[in-house]
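Chemist: Structure supplied as final-v5.txt; contents: compact mmCIF, C-alpha atoms.
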```
# COMPACT_ATOMS: atom_id res chain seq x y z
CA MET A 1 -66.52 -163.74 -93.75
CA GLU A 2 -66.91 -160.59 -91.65
CA ARG A 3 -70.51 -161.64 -90.89
CA ALA A 4 -69.34 -165.08 -89.81
CA ILE A 5 -66.79 -163.52 -87.47
CA ALA A 6 -69.50 -161.36 -85.90
CA VAL A 7 -71.85 -164.33 -85.47
CA LEU A 8 -69.15 -166.41 -83.79
CA GLY A 9 -68.29 -163.55 -81.49
CA LEU A 10 -64.71 -163.33 -82.73
CA ASP A 11 -64.76 -159.59 -83.39
CA LYS A 12 -63.79 -158.83 -79.76
CA PHE A 13 -61.07 -161.46 -79.98
CA LYS A 14 -59.63 -159.67 -83.02
CA ASP A 15 -59.40 -156.43 -81.07
CA ARG A 16 -57.46 -158.09 -78.24
CA VAL A 17 -54.87 -159.83 -80.41
CA THR A 18 -51.61 -157.90 -80.77
CA LEU A 19 -48.59 -158.46 -82.98
CA LYS A 20 -46.68 -159.43 -79.85
CA HIS A 21 -49.14 -162.29 -79.33
CA VAL A 22 -48.62 -163.39 -82.93
CA GLY A 23 -44.87 -163.37 -82.43
CA TRP A 24 -45.07 -165.54 -79.31
CA ILE A 25 -47.37 -168.02 -81.06
CA ILE A 26 -44.87 -168.31 -83.91
CA VAL A 27 -42.06 -168.98 -81.42
CA LEU A 28 -44.14 -171.62 -79.59
CA PHE A 29 -45.13 -173.43 -82.79
CA LYS A 30 -41.52 -173.37 -84.02
CA LEU A 31 -40.27 -174.89 -80.76
CA VAL A 32 -42.75 -177.76 -81.08
CA ILE A 33 -41.78 -178.61 -84.66
CA ALA A 34 -38.07 -178.04 -83.92
CA ALA A 35 -38.18 -180.58 -81.09
CA TYR A 36 -39.76 -183.12 -83.45
CA PHE A 37 -37.11 -182.54 -86.10
CA VAL A 38 -34.26 -182.80 -83.62
CA TYR A 39 -35.63 -186.22 -82.76
CA LEU A 40 -35.76 -187.18 -86.46
CA LEU A 41 -32.23 -185.91 -87.07
CA VAL A 42 -30.84 -187.87 -84.13
CA GLN A 43 -32.52 -191.03 -85.41
CA GLY A 44 -31.24 -190.37 -88.93
CA PHE A 45 -27.63 -189.86 -87.87
CA ARG A 46 -27.71 -192.96 -85.71
CA SER A 47 -28.87 -195.06 -88.65
CA ASN A 48 -26.57 -193.32 -91.20
CA ALA A 49 -29.63 -192.48 -93.29
CA PHE A 50 -28.34 -189.12 -94.59
CA GLU A 51 -26.19 -188.41 -97.65
CA PHE A 52 -24.50 -184.99 -97.47
CA GLY A 53 -22.95 -184.67 -100.92
CA GLU A 54 -22.69 -181.86 -103.47
CA LYS A 55 -26.48 -181.73 -103.84
CA PHE A 56 -26.80 -180.76 -100.18
CA LEU A 57 -24.82 -177.56 -100.82
CA TRP A 58 -27.10 -176.75 -103.75
CA PHE A 59 -30.13 -177.17 -101.50
CA ILE A 60 -28.60 -174.71 -99.02
CA LEU A 61 -27.97 -172.18 -101.81
CA ALA A 62 -31.48 -172.69 -103.20
CA GLY A 63 -33.00 -172.10 -99.77
CA PHE A 64 -30.94 -168.93 -99.26
CA VAL A 65 -31.75 -167.33 -102.61
CA ALA A 66 -35.43 -168.34 -102.57
CA GLN A 67 -36.01 -167.01 -99.05
CA LEU A 68 -34.13 -163.76 -99.73
CA VAL A 69 -36.46 -163.09 -102.65
CA ASP A 70 -39.52 -164.29 -100.75
CA GLY A 71 -38.78 -162.17 -97.70
CA ALA A 72 -38.30 -159.04 -99.80
CA LEU A 73 -41.04 -159.56 -102.39
CA GLY A 74 -43.48 -161.83 -100.58
CA MET A 75 -43.35 -164.71 -103.04
CA ALA A 76 -41.38 -167.31 -105.03
CA TYR A 77 -39.88 -169.50 -102.27
CA GLY A 78 -42.19 -172.42 -102.92
CA VAL A 79 -42.12 -172.04 -106.70
CA SER A 80 -38.30 -171.92 -106.79
CA CYS A 81 -37.67 -174.79 -104.39
CA THR A 82 -40.39 -177.05 -105.76
CA SER A 83 -39.07 -176.61 -109.32
CA LEU A 84 -35.60 -177.62 -108.13
CA LEU A 85 -36.86 -180.71 -106.32
CA LEU A 86 -38.90 -181.82 -109.32
CA TRP A 87 -35.78 -181.37 -111.49
CA PHE A 88 -33.94 -183.72 -109.12
CA GLY A 89 -36.69 -186.28 -109.67
CA ILE A 90 -38.60 -185.92 -106.39
CA PRO A 91 -42.31 -186.86 -106.82
CA PRO A 92 -44.65 -183.82 -106.69
CA LYS A 93 -46.35 -184.71 -103.41
CA PHE A 94 -43.02 -185.28 -101.65
CA ALA A 95 -41.59 -182.12 -103.21
CA SER A 96 -44.49 -180.07 -101.85
CA ALA A 97 -44.19 -181.75 -98.46
CA SER A 98 -40.43 -181.06 -98.27
CA VAL A 99 -40.83 -177.41 -99.26
CA HIS A 100 -43.63 -176.79 -96.78
CA THR A 101 -41.68 -178.50 -94.01
CA SER A 102 -38.66 -176.25 -94.59
CA GLU A 103 -40.92 -173.20 -94.87
CA ILE A 104 -42.04 -173.61 -91.27
CA PHE A 105 -38.59 -172.49 -90.19
CA THR A 106 -37.94 -169.89 -92.88
CA THR A 107 -41.37 -168.23 -92.75
CA GLY A 108 -41.26 -168.22 -88.95
CA VAL A 109 -38.01 -166.25 -88.94
CA SER A 110 -39.28 -164.03 -91.75
CA GLY A 111 -42.55 -163.35 -89.91
CA LEU A 112 -40.78 -162.39 -86.70
CA SER A 113 -38.49 -160.10 -88.70
CA HIS A 114 -41.44 -158.37 -90.37
CA ILE A 115 -43.04 -157.85 -86.95
CA ARG A 116 -39.75 -156.36 -85.76
CA PHE A 117 -39.61 -153.91 -88.70
CA ALA A 118 -43.34 -153.00 -88.37
CA ASN A 119 -44.25 -154.36 -91.80
CA ILE A 120 -47.58 -155.84 -90.60
CA ASP A 121 -51.19 -154.75 -91.13
CA LYS A 122 -52.91 -156.50 -88.19
CA LYS A 123 -56.43 -156.24 -89.60
CA LEU A 124 -55.39 -157.75 -92.92
CA PHE A 125 -53.37 -160.45 -91.15
CA LEU A 126 -56.39 -161.62 -89.16
CA GLN A 127 -58.50 -161.61 -92.33
CA ILE A 128 -56.24 -164.02 -94.18
CA VAL A 129 -54.56 -166.28 -91.63
CA VAL A 130 -57.54 -168.47 -90.65
CA THR A 131 -59.03 -169.11 -94.09
CA GLY A 132 -55.56 -169.47 -95.59
CA SER A 133 -54.74 -172.20 -93.08
CA ILE A 134 -58.03 -173.99 -93.77
CA GLY A 135 -57.34 -173.93 -97.50
CA ALA A 136 -53.83 -175.30 -96.91
CA ILE A 137 -55.16 -178.19 -94.82
CA ILE A 138 -57.61 -179.17 -97.56
CA GLY A 139 -54.99 -178.75 -100.30
CA ALA A 140 -52.42 -180.86 -98.47
CA TYR A 141 -54.95 -183.65 -98.05
CA LEU A 142 -55.87 -183.53 -101.74
CA ILE A 143 -52.29 -183.68 -103.08
CA ALA A 144 -51.14 -186.26 -100.53
CA ASP A 145 -54.08 -188.61 -100.88
CA LEU A 146 -56.12 -187.92 -104.01
CA PHE A 147 -54.48 -186.32 -107.06
CA ASN A 148 -51.40 -184.84 -108.73
CA GLY A 149 -51.07 -181.09 -108.23
CA ASN A 150 -49.20 -180.64 -111.54
CA ALA A 151 -52.51 -180.97 -113.40
CA ILE A 152 -53.74 -177.50 -112.43
CA LYS A 153 -50.40 -175.65 -112.53
CA PRO A 154 -50.76 -174.45 -116.17
CA TYR A 155 -54.04 -172.69 -115.34
CA ILE A 156 -52.55 -171.02 -112.27
CA SER A 157 -49.52 -169.92 -114.30
CA ALA A 158 -51.67 -168.36 -117.04
CA TYR A 159 -53.66 -166.40 -114.47
CA LEU A 160 -50.53 -165.19 -112.69
CA LEU A 161 -48.95 -164.10 -115.97
CA LEU A 162 -51.86 -161.76 -116.68
CA LEU A 163 -51.79 -160.50 -113.10
CA GLY A 164 -48.05 -159.83 -113.28
CA VAL A 165 -48.50 -157.77 -116.45
CA TYR A 166 -51.22 -155.77 -114.71
CA LEU A 167 -48.95 -155.07 -111.74
CA LEU A 168 -46.26 -153.72 -114.06
CA TYR A 169 -48.89 -151.51 -115.70
CA ARG A 170 -49.92 -150.18 -112.28
CA ALA A 171 -46.33 -149.52 -111.27
CA PHE A 172 -45.85 -147.06 -114.14
CA LYS A 173 -49.17 -145.29 -113.65
CA LYS A 174 -49.71 -142.31 -111.39
CA LYS A 175 -49.76 -143.39 -107.77
CA LYS A 176 -53.18 -144.65 -106.73
CA ALA A 177 -54.55 -143.83 -103.31
CA GLU A 178 -54.20 -146.80 -100.99
CA THR A 179 -57.35 -148.87 -100.70
CA GLN A 180 -58.69 -148.70 -97.16
CA LYS A 181 -60.74 -151.88 -97.39
CA VAL A 182 -59.48 -154.99 -99.13
CA LYS A 183 -62.10 -156.92 -101.07
CA HIS A 184 -62.53 -160.67 -100.57
CA ALA A 185 -59.25 -161.06 -98.65
CA SER A 186 -60.46 -164.10 -96.68
CA LEU A 187 -61.70 -165.93 -99.77
CA LEU A 188 -58.52 -165.04 -101.62
CA ALA A 189 -56.44 -166.46 -98.75
CA PHE A 190 -58.46 -169.69 -98.77
CA PHE A 191 -57.72 -170.37 -102.44
CA GLY A 192 -54.14 -169.19 -102.01
CA GLY A 193 -53.57 -171.71 -99.22
CA LEU A 194 -55.38 -174.44 -101.15
CA LEU A 195 -53.37 -174.00 -104.35
CA ASP A 196 -50.11 -173.49 -102.48
CA ALA A 197 -50.42 -176.85 -100.75
CA ILE A 198 -51.46 -178.63 -103.94
CA GLY A 199 -48.82 -177.13 -106.24
CA GLY A 200 -45.91 -176.71 -103.81
CA GLY A 201 -46.01 -172.91 -104.12
CA GLY A 202 -48.34 -170.05 -104.92
CA TRP A 203 -49.39 -168.49 -101.62
CA GLY A 204 -47.25 -165.41 -102.23
CA PRO A 205 -47.96 -164.89 -105.93
CA ILE A 206 -51.70 -165.46 -105.55
CA VAL A 207 -52.37 -163.56 -102.31
CA THR A 208 -49.69 -160.86 -102.49
CA SER A 209 -50.31 -160.09 -106.17
CA ASN A 210 -54.06 -159.77 -105.74
CA LEU A 211 -53.75 -157.54 -102.68
CA LEU A 212 -51.23 -155.32 -104.43
CA SER A 213 -53.53 -155.05 -107.45
CA GLN A 214 -56.15 -153.54 -105.11
CA GLY A 215 -53.80 -150.69 -104.26
CA LYS A 216 -52.44 -151.85 -100.89
CA SER A 217 -49.00 -150.74 -99.67
CA PRO A 218 -46.34 -153.18 -100.99
CA ARG A 219 -44.34 -153.02 -97.75
CA HIS A 220 -47.24 -153.90 -95.42
CA THR A 221 -48.85 -156.34 -97.85
CA ILE A 222 -45.62 -158.33 -98.22
CA GLY A 223 -44.92 -158.34 -94.49
CA THR A 224 -48.48 -159.36 -93.63
CA VAL A 225 -48.73 -162.13 -96.23
CA ASN A 226 -45.30 -163.49 -95.29
CA THR A 227 -46.22 -163.65 -91.60
CA ALA A 228 -49.56 -165.35 -92.31
CA GLU A 229 -47.68 -167.82 -94.52
CA PHE A 230 -46.05 -169.33 -91.44
CA PHE A 231 -49.41 -170.55 -90.15
CA VAL A 232 -50.56 -171.66 -93.61
CA THR A 233 -47.36 -173.67 -93.99
CA TYR A 234 -47.51 -175.06 -90.47
CA PHE A 235 -50.95 -176.62 -90.83
CA ALA A 236 -50.23 -177.92 -94.35
CA THR A 237 -47.07 -179.58 -93.04
CA ALA A 238 -48.99 -181.17 -90.18
CA VAL A 239 -51.25 -182.87 -92.73
CA PHE A 240 -48.28 -183.96 -94.87
CA ILE A 241 -46.51 -185.46 -91.86
CA PHE A 242 -49.67 -187.27 -90.77
CA LEU A 243 -50.33 -188.76 -94.24
CA LEU A 244 -46.81 -189.17 -95.69
CA GLY A 245 -44.37 -188.97 -92.79
CA VAL A 246 -41.16 -186.98 -93.31
CA GLN A 247 -39.34 -187.87 -96.53
CA HIS A 248 -35.96 -186.63 -97.86
CA LEU A 249 -34.93 -185.04 -94.56
CA GLU A 250 -31.51 -183.99 -95.89
CA ILE A 251 -33.23 -181.87 -98.56
CA VAL A 252 -35.42 -180.25 -95.93
CA LEU A 253 -32.37 -179.56 -93.76
CA GLY A 254 -30.49 -177.89 -96.64
CA LEU A 255 -33.44 -175.64 -97.49
CA ILE A 256 -33.87 -174.73 -93.82
CA ILE A 257 -30.22 -173.75 -93.32
CA GLY A 258 -30.15 -171.49 -96.39
CA GLY A 259 -33.58 -170.02 -95.74
CA VAL A 260 -33.12 -169.20 -92.07
CA VAL A 261 -29.90 -167.30 -92.83
CA ALA A 262 -31.61 -165.23 -95.55
CA ALA A 263 -34.95 -164.54 -93.81
CA PRO A 264 -33.95 -161.48 -91.72
CA LEU A 265 -32.21 -159.93 -94.74
CA GLY A 266 -35.40 -160.16 -96.80
CA ALA A 267 -37.42 -158.31 -94.16
CA LEU A 268 -34.79 -155.57 -93.97
CA VAL A 269 -34.85 -155.14 -97.75
CA ALA A 270 -38.66 -154.90 -97.73
CA SER A 271 -38.57 -152.15 -95.09
CA ARG A 272 -35.93 -150.05 -96.89
CA ILE A 273 -36.55 -150.37 -100.63
CA ASN A 274 -38.60 -147.82 -102.61
CA GLN A 275 -42.21 -149.06 -102.87
CA ARG A 276 -42.53 -148.32 -106.60
CA ILE A 277 -39.38 -150.31 -107.31
CA LEU A 278 -40.70 -153.08 -105.07
CA LEU A 279 -43.93 -153.22 -107.05
CA ILE A 280 -42.01 -153.40 -110.35
CA LEU A 281 -39.88 -156.24 -108.99
CA VAL A 282 -42.98 -158.12 -107.86
CA GLY A 283 -44.54 -157.73 -111.32
CA ILE A 284 -41.39 -158.94 -113.08
CA LEU A 285 -41.09 -161.87 -110.69
CA VAL A 286 -44.69 -162.96 -111.26
CA VAL A 287 -44.30 -162.71 -115.05
CA LEU A 288 -41.06 -164.71 -115.07
CA THR A 289 -42.19 -167.49 -112.72
CA SER A 290 -45.59 -167.91 -114.39
CA SER A 291 -44.06 -167.84 -117.88
CA TRP A 292 -41.65 -170.58 -116.86
CA GLY A 293 -44.56 -172.63 -115.56
CA ILE A 294 -46.24 -172.39 -118.97
CA LEU A 295 -43.08 -172.96 -121.04
CA SER A 296 -42.08 -176.00 -118.99
CA LEU A 297 -45.04 -177.88 -120.49
CA TRP A 298 -43.27 -177.95 -123.85
CA LEU A 299 -39.68 -178.37 -122.65
```
Can the structure in the file be given as structure tokens, please?
Modeler:
Amino acid sequence: MERAIAVLGLDKFKDRVTLKHVGWIIVLFKLVIAAYFVYLLVQGFRSNAFEFGEKFLWFILAGFVAQLVDGALGMAYGVSCTSLLLWFGIPPKFASASVHTSEIFTTGVSGLSHIRFANIDKKLFLQIVVTGSIGAIIGAYLIADLFNGNAIKPYISAYLLLLGVYLLYRAFKKKKAETQKVKHASLLAFFGGLLDAIGGGGWGPIVTSNLLSQGKSPRHTIGTVNTAEFFVTYFATAVFIFLLGVQHLEIVLGLIIGGVVAAPLGALVASRINQRILLILVGILVVLTSSWGILSLWL
């Protein structure tokens, strides 16, 4: 990937990009999608298409809790929300589309918050954001048009379970010197974006967990991966909207409201919490979510 960047002449571009530029791009992209959703909401209210019952409050709570965890630990928003939507009987492709649509707003706020608290590794961010977005575009097309993402979830869950156990092992070892160069970050981001779009979640567990297992700082890894997730989610959602339209808008709205409120709190927690404790929490979270993915096959 580094060779490809050099051949395309993008190495100078990388040097010129600042975190301030990234922040302004996030704001611009959010304004575009927000304008579109305001239009959809106006049309929905005019036609009385929405049902704001008890389930709507549960969607708000789910969005709040999932984004608080995701902002602090760098994972689990998609896994948590997608599981809830599937439990309510939403088809997998529409569940993934709804979660990714809401994540545009939550990850945007989270990314800006991480930039504010200096939780970003710019070099790592530029390594993962492009290939992650490409993977998400391909994954969104596959799940929306070709096959059911639930088919590969057991294999992802088994892999994540082993990785979570390894992270817990690392947390209780003597502190390892931080790795200066991350191996295969771009390729890792590609598959993370691909599987996230297909399965409705997984960008955080796959990318964050692997980077942490290489000895990277939990604080900067989580902030960087969360910020890149905005772009991964944005392009996946664009494909979903193009192929499926926007379905279950009241669910998306509930997740957005809860998630946007929680996003700044997650970034603050990530910047203040002890890194060893943070690593332990990440390991426990990966083990629990992946174990549930495996057990759900027999429930």
Chemist: Choose the residue, out of A:Leu168, A:Ala35, A:Leu255, A:Ile138, that has the smallest atom-to-atom separation from Gly283 in chain A; count all atoms listed in the file.
Modeler: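 Comparing A:Leu168, A:Ala35, A:Leu255, A:Ile138 against Gly283 in chain A, the winner is A:Leu168.
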Chemist: Any idea what the distance is between CA of Val225 in chain A and CA of Val38 in chain A?
Modeler: 28.2 Å
Chemist: Which residues are near Ile120 in chain A? Cut-off 7 Å, only C-alpha atoms, ignore same chain within fewer than 2 positions. Put them as a PyMOL selection string.
Modeler: chain A and resi 114-115+118+122+220+223-224
Chemist: Can you work out which one of A:Gly23, A:Gly192, A:Pro218, A:Gly135 has the shortest atom-to-atom distance to Pro205 in chain A, counting all atoms listed in the file?
Modeler: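 When distances to Pro205 in chain A are compared using all atoms listed in the file, the smallest one comes from A:Gly192.
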Chemist: Between CA of Tyr141 in chain A and CA of Gly201 in chain A, what is the distance, to one decimal in Å?
Modeler: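 So the two atoms, CA of Tyr141 in chain A and CA of Gly201 in chain A, lie 15.2 Å apart.
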Chemist: For the atom pair CA of Leu61 in chain A and CA of Gly258 in chain A, what is the interatomic distance in Å to one decimal place?
Modeler: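 About the pair CA of Leu61 in chain A and CA of Gly258 in chain A: they are 5.9 Å apart.
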Chemist: Nearest to Ser209 in chain A: which of A:Ala76, A:Leu249, A:Leu126, A:Leu86 is it, counting all atoms listed in the file?
Modeler: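 Closest to Ser209 in chain A of all the choices is A:Ala76.
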Chemist: With all atoms listed in the file as the basis for distance, which of A:Gly215, A:Gly245, A:Gly63, A:Gly132 is at the shortest distance from Phe230 in chain A?
Modeler: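 Selected residue with least distance to Phe230 in chain A: A:Gly132.
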Chemist: Please determine the residues with any atom at most 9 Å from (-47.1, -176.8, -104.0) (coordinates as given in the file, with all atoms listed in the file counting) and report them as number ranges by chain.
Modeler: A: 78-79, 82, 92-93, 95-97, 99-100, 139-140, 143, 149-150, 195-203
Chemist: Let me have the centre and edge lengths of the axis-aligned box enclosing all listed atoms of range 234-245 of chain A with 4 Å padding on every side, in Å to one decimal, as JSON.
Modeler:
```
{"center_x": -47.8, "center_y": -182.1, "center_z": -92.9, "size_x": 14.9, "size_y": 22.1, "size_z": 13.5}
```
